[in-house]
Amino acid sequence: MHVYLDGAYRERALASVSVDDRGFLFGDGAYEVIRVVNGRLVALDRHARRLRRTLDGLSIAPPAEAGTDALTAIIAELLARDALRDGEALIYVQITRGAAPRTHQFPIPDVRPTVYVAAAAFTPPRALRERGASVITHPDIRWGRCDLKTVNLLPNTLAKQRAVEAGADEAVLVREGVVTEGSTSNIFAVIDGELRTHPLTTHILGGVTREVTVEAAAALGVPTREAPVLLEELPHAEELFLTSTTNDVMPIARVDGQPVGTGRPGPVTLRLHHAVAERLGME
Ligand code: PDD
């Protein structure tokens, strides 16, 4: 297996990052996870746009690798080197502010950002999609810029761990009674026949799959409102589903042990799953 690190392709086992890297010391960096289907990068433009938006939010000058063309070339090389052009793969891209002696303020002068890209084979969670995921609700203790996709993921990892310990697949985060998103996904509800998801604010990540799902719902004429879903509304939801790069549209079968609707993936969820998969070129 190979990775791209700071301008060179290396054997994964031989690649290393400085102990002074600000990603390591402060979580000072941006990342993206991109799906690849038979060598084709799924929604690359949207991921690259969000990556540059995160870098801008962190005041990290975008390196050349944050551009769509450079990123495409690097990923193509990794897929070729590791025989990942057939079937499914996931790409991980991380850009940190770079390595410099530890001070909270940014280094002066600027240092070169650390750029890391890796590819790995991926198997979509098809069996889970058929039966539906189990989720727990969990307090959203994250910071005020959840719209930036940073590597500062401690609240997310803690919430996911609680979910796994509870035998669930995802933690759904709740801030002051409002359902924001999952620890690694966005969430949609069907309530009184209307599709609802948290609006794009600084309290959620603007998911690429979320965006495509909203577009697909509009095209299908599914009544949709980008408005908060309250924790107290969850037991009354007819359908719930998660969206993310790794899950596509993932039905939720249980919340905190209670069945959602019939306890089986619902009709709106299934229609949107197919429509989103088609839009992303996965069907
Ligand atoms: N997570 N919200 C959060 C907090 C996320 O971490 C993610 C993605 C999403 C969904 O975004 P998208 O549809 O663009 O994948 C929403 C990735 C997959 C991860 O951290 O591995």
# chains A, B, ... in the order shown; residues from 1 in each chain; ligands from 1
call {"tool": "select_by_dssp", "arguments": {"residues": "region 72-201 of chain A", "states": "strand (DSSP E or B)", "output": "mmCIF file with C-alpha atoms, in the first residue's frame"}}
result
data_model
loop_
_atom_site.group_PDB
_atom_site.id
_atom_site.type_symbol
_atom_site.label_atom_id
_atom_site.label_comp_id
_atom_site.auth_asym_id
_atom_site.auth_seq_id
_atom_site.Cartn_x
_atom_site.Cartn_y
_atom_site.Cartn_z
ATOM 1 C CA GLU A 88 -14.975 0.395 -4.532
ATOM 2 C CA ALA A 89 -12.403 2.417 -2.613
ATOM 3 C CA LEU A 90 -12.277 5.270 -0.126
ATOM 4 C CA ILE A 91 -9.874 8.172 -0.319
ATOM 5 C CA TYR A 92 -8.721 9.996 2.792
ATOM 6 C CA VAL A 93 -7.235 13.482 2.316
ATOM 7 C CA GLN A 94 -5.760 15.445 5.201
ATOM 8 C CA ILE A 95 -4.096 18.854 5.104
ATOM 9 C CA THR A 96 -2.668 20.297 8.318
ATOM 10 C CA ALA A 99 5.149 21.303 11.372
ATOM 11 C CA THR A 114 1.399 18.734 5.504
ATOM 12 C CA VAL A 115 -0.590 16.993 2.762
ATOM 13 C CA TYR A 116 -1.524 13.341 3.135
ATOM 14 C CA VAL A 117 -3.661 11.272 0.738
ATOM 15 C CA ALA A 118 -4.374 7.543 1.054
ATOM 16 C CA ALA A 119 -6.653 5.031 -0.688
ATOM 17 C CA ALA A 120 -8.154 1.839 0.712
ATOM 18 C CA ALA A 121 -10.522 -0.822 -0.595
ATOM 19 C CA ALA A 133 -29.168 1.076 11.444
ATOM 20 C CA SER A 134 -29.562 1.327 15.170
ATOM 21 C CA VAL A 135 -28.710 4.715 16.705
ATOM 22 C CA ILE A 136 -28.472 6.238 20.151
ATOM 23 C CA THR A 137 -29.048 9.896 20.989
ATOM 24 C CA HIS A 138 -26.111 11.672 22.605
ATOM 25 C CA PRO A 139 -25.358 15.241 23.745
ATOM 26 C CA THR A 150 -11.485 19.521 10.735
ATOM 27 C CA GLU A 170 -24.249 5.659 15.106
ATOM 28 C CA ALA A 171 -24.720 8.393 17.703
ATOM 29 C CA VAL A 172 -27.236 11.094 16.807
ATOM 30 C CA LEU A 173 -26.167 14.372 18.377
ATOM 31 C CA VAL A 174 -28.595 16.635 20.237
ATOM 32 C CA ARG A 175 -27.880 20.267 21.106
ATOM 33 C CA VAL A 178 -32.418 19.972 18.643
ATOM 34 C CA VAL A 179 -31.176 17.006 16.611
ATOM 35 C CA THR A 180 -28.154 18.308 14.723
ATOM 36 C CA GLU A 181 -26.504 15.376 12.898
ATOM 37 C CA GLY A 182 -24.770 12.047 13.461
ATOM 38 C CA ASN A 186 -26.243 13.900 8.593
ATOM 39 C CA ILE A 187 -29.759 12.900 9.596
ATOM 40 C CA PHE A 188 -33.158 13.291 7.906
ATOM 41 C CA ALA A 189 -36.635 12.639 9.305
ATOM 42 C CA VAL A 190 -40.005 12.094 7.652
ATOM 43 C CA ILE A 191 -42.607 13.650 9.962
ATOM 44 C CA GLU A 194 -42.602 15.957 5.177
ATOM 45 C CA LEU A 195 -38.849 15.400 4.842
ATOM 46 C CA ARG A 196 -36.874 17.485 7.298
ATOM 47 C CA THR A 197 -33.167 17.974 8.027
#
call {"tool": "residues_near_ligand", "arguments": {"ligand": "ligand 1", "cutoff": "8 Å", "atoms": "only C-alpha atoms and all ligand atoms", "output": "MDAnalysis selection string"}}
result
chainID A and resid 32:34 47 146 149 156 181:186 204:211 243:246 248
call {"tool": "select_by_dssp", "arguments": {"residues": "region 158-213 of chain A", "states": "alpha helix (DSSP H)", "output": "PyMOL selection string"}}
result
chain A and resi 158-165+208-213
call {"tool": "write_last_selection", "arguments": {"atoms": "N, CA and C atoms", "output": "short mmCIF file (atom, residue, chain, number, x, y, z; two decimals), in the first residue's frame"}}
result
data_model
loop_
_atom_site.label_atom_id
_atom_site.label_comp_id
_atom_site.auth_asym_id
_atom_site.auth_seq_id
_atom_site.Cartn_x
_atom_site.Cartn_y
_atom_site.Cartn_z
N LEU A 158 -15.83 10.23 20.74
CA LEU A 158 -16.41 9.82 22.03
C LEU A 158 -17.87 9.38 21.83
N ALA A 159 -18.61 10.14 21.04
CA ALA A 159 -20.02 9.80 20.81
C ALA A 159 -20.13 8.47 20.06
N LYS A 160 -19.29 8.28 19.04
CA LYS A 160 -19.33 7.02 18.27
C LYS A 160 -19.00 5.84 19.18
N GLN A 161 -18.02 6.04 20.05
CA GLN A 161 -17.64 4.96 20.98
C GLN A 161 -18.81 4.59 21.89
N ARG A 162 -19.55 5.61 22.39
CA ARG A 162 -20.73 5.32 23.24
C ARG A 162 -21.74 4.51 22.45
N ALA A 163 -21.90 4.85 21.16
CA ALA A 163 -22.86 4.11 20.32
C ALA A 163 -22.42 2.66 20.20
N VAL A 164 -21.16 2.44 19.91
CA VAL A 164 -20.66 1.07 19.74
C VAL A 164 -20.81 0.29 21.04
N GLU A 165 -20.50 0.94 22.16
CA GLU A 165 -20.64 0.27 23.46
C GLU A 165 -22.10 -0.10 23.74
N VAL A 208 -21.86 16.29 1.74
CA VAL A 208 -22.02 16.16 0.29
C VAL A 208 -23.25 15.29 0.00
N THR A 209 -23.42 14.20 0.74
CA THR A 209 -24.55 13.29 0.51
C THR A 209 -25.85 13.99 0.93
N ARG A 210 -25.79 14.79 1.98
CA ARG A 210 -26.96 15.59 2.39
C ARG A 210 -27.41 16.49 1.25
N GLU A 211 -26.43 17.18 0.65
CA GLU A 211 -26.73 18.12 -0.43
C GLU A 211 -27.39 17.40 -1.62
N VAL A 212 -26.82 16.24 -1.98
CA VAL A 212 -27.36 15.48 -3.11
C VAL A 212 -28.76 14.95 -2.77
N THR A 213 -28.95 14.59 -1.50
CA THR A 213 -30.26 14.07 -1.07
C THR A 213 -31.32 15.16 -1.16
#
call {"tool": "atom_distance", "arguments": {"atom1": "CA of Met1 (chain A)", "atom2": "CA of Ala76 (chain A)"}}
result
13.9 Å
call {"tool": "residues_around", "arguments": {"residues": "Arg10 (chain A)", "least_positions_apart": "5", "cutoff": "12 Å", "atoms": "only C-alpha atoms", "output": "list in words"}}
result
Met1, His2, Val3, Tyr4, Leu5, Ala15, Ser16, Glu77, Leu78, Arg81, Asp82, Tyr116, Val117 and Ala118 of chain A
call {"tool": "write_last_selection", "arguments": {"atoms": "all heavy atoms", "output": "compact mmCIF listing (two decimals), in the first residue's frame"}}
result
# COMPACT_ATOMS: atom_id res chain seq x y z
N MET A 1 0.85 -1.20 0.00
CA MET A 1 0.00 0.00 0.00
C MET A 1 0.89 1.26 0.00
O MET A 1 1.89 1.31 0.69
CB MET A 1 -0.87 0.02 1.27
CG MET A 1 -1.91 -1.09 1.32
SD MET A 1 -3.16 -0.94 0.03
CE MET A 1 -4.13 0.44 0.62
N HIS A 2 0.42 2.24 -0.79
CA HIS A 2 1.17 3.50 -0.88
C HIS A 2 0.34 4.65 -0.35
O HIS A 2 -0.88 4.58 -0.36
CB HIS A 2 1.54 3.79 -2.33
CG HIS A 2 2.49 2.79 -2.91
ND1 HIS A 2 2.08 1.56 -3.37
CD2 HIS A 2 3.82 2.83 -3.08
CE1 HIS A 2 3.13 0.88 -3.80
NE2 HIS A 2 4.21 1.63 -3.63
N VAL A 3 1.02 5.67 0.08
CA VAL A 3 0.34 6.92 0.43
C VAL A 3 1.08 8.07 -0.25
O VAL A 3 2.25 7.92 -0.64
CB VAL A 3 0.30 7.16 1.96
CG1 VAL A 3 -0.38 6.01 2.67
CG2 VAL A 3 1.69 7.41 2.53
N TYR A 4 0.37 9.19 -0.38
CA TYR A 4 1.00 10.40 -0.86
C TYR A 4 1.24 11.28 0.36
O TYR A 4 0.32 11.54 1.14
CB TYR A 4 0.06 11.11 -1.84
CG TYR A 4 0.54 12.47 -2.30
CD1 TYR A 4 1.34 12.59 -3.44
CD2 TYR A 4 0.20 13.62 -1.60
CE1 TYR A 4 1.77 13.85 -3.86
CE2 TYR A 4 0.63 14.88 -2.01
CZ TYR A 4 1.42 14.97 -3.15
OH TYR A 4 1.86 16.21 -3.57
N LEU A 5 2.49 11.67 0.56
CA LEU A 5 2.80 12.54 1.70
C LEU A 5 3.81 13.58 1.26
O LEU A 5 4.91 13.23 0.82
CB LEU A 5 3.36 11.70 2.86
CG LEU A 5 3.68 12.45 4.16
CD1 LEU A 5 2.42 13.04 4.78
CD2 LEU A 5 4.37 11.52 5.16
N ALA A 15 5.97 5.80 5.68
CA ALA A 15 5.58 7.22 5.69
C ALA A 15 5.48 7.70 7.13
O ALA A 15 4.92 7.02 7.99
CB ALA A 15 4.23 7.38 5.00
N SER A 16 6.03 8.87 7.42
CA SER A 16 5.91 9.39 8.79
C SER A 16 5.79 10.91 8.77
O SER A 16 6.24 11.58 7.84
CB SER A 16 7.09 8.95 9.64
OG SER A 16 8.28 9.45 9.08
N GLU A 77 -3.02 8.10 -9.30
CA GLU A 77 -1.72 7.42 -9.11
C GLU A 77 -1.82 6.40 -7.96
O GLU A 77 -1.33 5.27 -8.08
CB GLU A 77 -0.65 8.47 -8.82
CG GLU A 77 0.75 7.92 -8.58
CD GLU A 77 1.36 7.23 -9.81
OE1 GLU A 77 0.98 7.58 -10.94
OE2 GLU A 77 2.19 6.32 -9.60
N LEU A 78 -2.46 6.78 -6.87
CA LEU A 78 -2.60 5.86 -5.73
C LEU A 78 -3.43 4.64 -6.12
O LEU A 78 -3.09 3.50 -5.77
CB LEU A 78 -3.24 6.56 -4.53
CG LEU A 78 -2.37 7.57 -3.79
CD1 LEU A 78 -3.20 8.33 -2.75
CD2 LEU A 78 -1.18 6.88 -3.11
N ARG A 81 -1.28 2.40 -8.32
CA ARG A 81 -0.20 1.71 -7.59
C ARG A 81 -0.73 0.55 -6.76
O ARG A 81 -0.05 -0.46 -6.59
CB ARG A 81 0.51 2.68 -6.65
CG ARG A 81 1.47 3.59 -7.39
CD ARG A 81 2.16 4.54 -6.43
NE ARG A 81 3.03 5.41 -7.18
CZ ARG A 81 4.33 5.55 -6.96
NH1 ARG A 81 4.91 4.89 -5.98
NH2 ARG A 81 5.06 6.36 -7.69
N ASP A 82 -1.94 0.72 -6.19
CA ASP A 82 -2.44 -0.31 -5.27
C ASP A 82 -3.57 -1.15 -5.87
O ASP A 82 -4.31 -1.81 -5.13
CB ASP A 82 -2.89 0.34 -3.96
CG ASP A 82 -1.70 0.89 -3.18
OD1 ASP A 82 -0.58 0.43 -3.43
OD2 ASP A 82 -1.90 1.80 -2.36
N TYR A 116 -1.51 14.80 3.08
CA TYR A 116 -1.52 13.34 3.13
C TYR A 116 -2.75 12.82 2.39
O TYR A 116 -3.86 13.31 2.62
CB TYR A 116 -1.58 12.92 4.61
CG TYR A 116 -1.94 11.49 4.88
CD1 TYR A 116 -1.16 10.45 4.39
CD2 TYR A 116 -3.05 11.16 5.66
CE1 TYR A 116 -1.49 9.12 4.66
CE2 TYR A 116 -3.37 9.84 5.94
CZ TYR A 116 -2.59 8.83 5.42
OH TYR A 116 -2.93 7.53 5.68
N VAL A 117 -2.54 11.88 1.47
CA VAL A 117 -3.66 11.27 0.74
C VAL A 117 -3.44 9.76 0.74
O VAL A 117 -2.33 9.29 0.47
CB VAL A 117 -3.76 11.77 -0.73
CG1 VAL A 117 -5.04 11.27 -1.39
CG2 VAL A 117 -3.68 13.30 -0.82
N ALA A 118 -4.48 9.01 1.06
CA ALA A 118 -4.37 7.54 1.05
C ALA A 118 -5.64 6.94 0.47
O ALA A 118 -6.72 7.53 0.54
CB ALA A 118 -4.16 7.03 2.48
call {"tool": "residues_around", "arguments": {"residues": "Glu239 (chain A)", "least_positions_apart": "4", "cutoff": "8 Å", "atoms": "only C-alpha atoms", "output": "JSON, numbers by chain"}}
result
{"A": [189, 190, 191, 251, 252, 260, 261, 265, 266, 268, 269]}
call {"tool": "write_last_selection", "arguments": {"atoms": "all heavy atoms", "output": "PDB file, in the first residue's frame"}}
result
ATOM      1  N   ALA A 189     -35.431  13.252   8.735  1.00  0.00           N
ATOM      2  CA  ALA A 189     -36.635  12.639   9.305  1.00  0.00           C
ATOM      3  C   ALA A 189     -37.801  12.855   8.348  1.00  0.00           C
ATOM      4  O   ALA A 189     -37.857  13.871   7.645  1.00  0.00           O
ATOM      5  CB  ALA A 189     -36.957  13.292  10.652  1.00  0.00           C
ATOM      6  N   VAL A 190     -38.708  11.888   8.316  1.00  0.00           N
ATOM      7  CA  VAL A 190     -40.005  12.094   7.652  1.00  0.00           C
ATOM      8  C   VAL A 190     -41.029  12.192   8.774  1.00  0.00           C
ATOM      9  O   VAL A 190     -41.216  11.244   9.534  1.00  0.00           O
ATOM     10  CB  VAL A 190     -40.365  10.933   6.695  1.00  0.00           C
ATOM     11  CG1 VAL A 190     -41.736  11.181   6.058  1.00  0.00           C
ATOM     12  CG2 VAL A 190     -39.294  10.753   5.628  1.00  0.00           C
ATOM     13  N   ILE A 191     -41.622  13.394   8.906  1.00  0.00           N
ATOM     14  CA  ILE A 191     -42.607  13.650   9.962  1.00  0.00           C
ATOM     15  C   ILE A 191     -43.840  14.267   9.305  1.00  0.00           C
ATOM     16  O   ILE A 191     -43.714  15.266   8.576  1.00  0.00           O
ATOM     17  CB  ILE A 191     -42.019  14.597  11.046  1.00  0.00           C
ATOM     18  CG1 ILE A 191     -40.789  13.954  11.711  1.00  0.00           C
ATOM     19  CG2 ILE A 191     -43.079  14.934  12.100  1.00  0.00           C
ATOM     20  CD1 ILE A 191     -40.031  14.860  12.664  1.00  0.00           C
ATOM     21  N   PRO A 251     -31.097   3.800   6.149  1.00  0.00           N
ATOM     22  CA  PRO A 251     -32.299   3.833   6.991  1.00  0.00           C
ATOM     23  C   PRO A 251     -31.937   3.627   8.452  1.00  0.00           C
ATOM     24  O   PRO A 251     -31.006   2.881   8.777  1.00  0.00           O
ATOM     25  CB  PRO A 251     -33.113   2.633   6.494  1.00  0.00           C
ATOM     26  CG  PRO A 251     -32.493   2.199   5.220  1.00  0.00           C
ATOM     27  CD  PRO A 251     -31.079   2.684   5.209  1.00  0.00           C
ATOM     28  N   ILE A 252     -32.677   4.290   9.346  1.00  0.00           N
ATOM     29  CA  ILE A 252     -32.531   4.052  10.782  1.00  0.00           C
ATOM     30  C   ILE A 252     -33.733   3.205  11.213  1.00  0.00           C
ATOM     31  O   ILE A 252     -34.884   3.595  10.990  1.00  0.00           O
ATOM     32  CB  ILE A 252     -32.505   5.373  11.580  1.00  0.00           C
ATOM     33  CG1 ILE A 252     -31.307   6.226  11.153  1.00  0.00           C
ATOM     34  CG2 ILE A 252     -32.451   5.090  13.090  1.00  0.00           C
ATOM     35  CD1 ILE A 252     -31.260   7.600  11.818  1.00  0.00           C
ATOM     36  N   VAL A 260     -38.345   2.680  14.742  1.00  0.00           N
ATOM     37  CA  VAL A 260     -38.778   3.877  13.992  1.00  0.00           C
ATOM     38  C   VAL A 260     -39.867   3.422  13.029  1.00  0.00           C
ATOM     39  O   VAL A 260     -39.633   2.520  12.223  1.00  0.00           O
ATOM     40  CB  VAL A 260     -37.598   4.471  13.193  1.00  0.00           C
ATOM     41  CG1 VAL A 260     -38.070   5.660  12.365  1.00  0.00           C
ATOM     42  CG2 VAL A 260     -36.460   4.865  14.116  1.00  0.00           C
ATOM     43  N   GLY A 261     -41.029   4.047  13.082  1.00  0.00           N
ATOM     44  CA  GLY A 261     -42.147   3.652  12.201  1.00  0.00           C
ATOM     45  C   GLY A 261     -42.408   2.169  12.338  1.00  0.00           C
ATOM     46  O   GLY A 261     -42.590   1.655  13.447  1.00  0.00           O
ATOM     47  N   PRO A 265     -36.975  -0.232   6.813  1.00  0.00           N
ATOM     48  CA  PRO A 265     -36.710   0.935   5.959  1.00  0.00           C
ATOM     49  C   PRO A 265     -37.992   1.399   5.255  1.00  0.00           C
ATOM     50  O   PRO A 265     -38.707   0.591   4.673  1.00  0.00           O
ATOM     51  CB  PRO A 265     -35.666   0.407   4.969  1.00  0.00           C
ATOM     52  CG  PRO A 265     -34.954  -0.668   5.738  1.00  0.00           C
ATOM     53  CD  PRO A 265     -36.004  -1.314   6.591  1.00  0.00           C
ATOM     54  N   GLY A 266     -38.282   2.696   5.346  1.00  0.00           N
ATOM     55  CA  GLY A 266     -39.543   3.229   4.832  1.00  0.00           C
ATOM     56  C   GLY A 266     -39.483   3.607   3.354  1.00  0.00           C
ATOM     57  O   GLY A 266     -38.409   3.671   2.760  1.00  0.00           O
ATOM     58  N   VAL A 268     -40.049   6.478   1.640  1.00  0.00           N
ATOM     59  CA  VAL A 268     -39.356   7.715   1.217  1.00  0.00           C
ATOM     60  C   VAL A 268     -37.846   7.477   1.242  1.00  0.00           C
ATOM     61  O   VAL A 268     -37.107   7.843   0.325  1.00  0.00           O
ATOM     62  CB  VAL A 268     -39.737   8.901   2.141  1.00  0.00           C
ATOM     63  CG1 VAL A 268     -38.983  10.158   1.745  1.00  0.00           C
ATOM     64  CG2 VAL A 268     -41.249   9.130   2.117  1.00  0.00           C
ATOM     65  N   THR A 269     -37.401   6.794   2.301  1.00  0.00           N
ATOM     66  CA  THR A 269     -35.972   6.487   2.444  1.00  0.00           C
ATOM     67  C   THR A 269     -35.484   5.655   1.256  1.00  0.00           C
ATOM     68  O   THR A 269     -34.428   5.944   0.670  1.00  0.00           O
ATOM     69  CB  THR A 269     -35.741   5.706   3.755  1.00  0.00           C
ATOM     70  OG1 THR A 269     -36.291   6.460   4.834  1.00  0.00           O
ATOM     71  CG2 THR A 269     -34.270   5.451   4.001  1.00  0.00           C
TER      72      THR A 269
END
call {"tool": "closest_residue", "arguments": {"among": "A:Val42, A:Ile74, A:Arg254, A:His273", "to": "Ala8 (chain A)", "atoms": "only C-alpha atoms"}}
result
A:Ile74
call {"tool": "residues_around", "arguments": {"residues": "Arg279 (chain A)", "least_positions_apart": "3", "cutoff": "8 Å", "atoms": "only C-alpha atoms", "output": "number ranges by chain"}}
result
A: 212, 216, 275-276, 282
call {"tool": "write_last_selection", "arguments": {"atoms": "N, CA, C and O atoms", "output": "compact mmCIF listing (two decimals), in the first residue's frame"}}
result
# COMPACT_ATOMS: atom_id res chain seq x y z
N VAL A 212 -26.82 16.24 -1.98
CA VAL A 212 -27.36 15.48 -3.11
C VAL A 212 -28.76 14.95 -2.77
O VAL A 212 -29.65 14.90 -3.62
N ALA A 216 -32.14 15.55 -4.76
CA ALA A 216 -32.93 14.41 -5.26
C ALA A 216 -34.37 14.51 -4.77
O ALA A 216 -35.32 14.23 -5.53
N ALA A 275 -32.48 7.22 -5.71
CA ALA A 275 -32.27 8.47 -6.46
C ALA A 275 -30.87 9.03 -6.20
O ALA A 275 -30.19 9.51 -7.11
N VAL A 276 -30.43 8.96 -4.94
CA VAL A 276 -29.11 9.50 -4.59
C VAL A 276 -28.01 8.62 -5.22
O VAL A 276 -27.04 9.13 -5.80
N MET A 282 -23.71 5.51 -8.67
CA MET A 282 -23.39 4.25 -8.00
C MET A 282 -24.34 3.13 -8.40
O MET A 282 -24.19 2.01 -7.94
call {"tool": "residues_around", "arguments": {"residues": "His198 (chain A)", "least_positions_apart": "5", "cutoff": "7 Å", "atoms": "only C-alpha atoms", "output": "PyMOL selection string"}}
result
chain A and resi 180+226-229
call {"tool": "closest_residue", "arguments": {"among": "A:His274, A:Arg22, A:His236, A:Arg52", "to": "Gln258 (chain A)", "atoms": "only C-alpha atoms"}}
result
A:His236
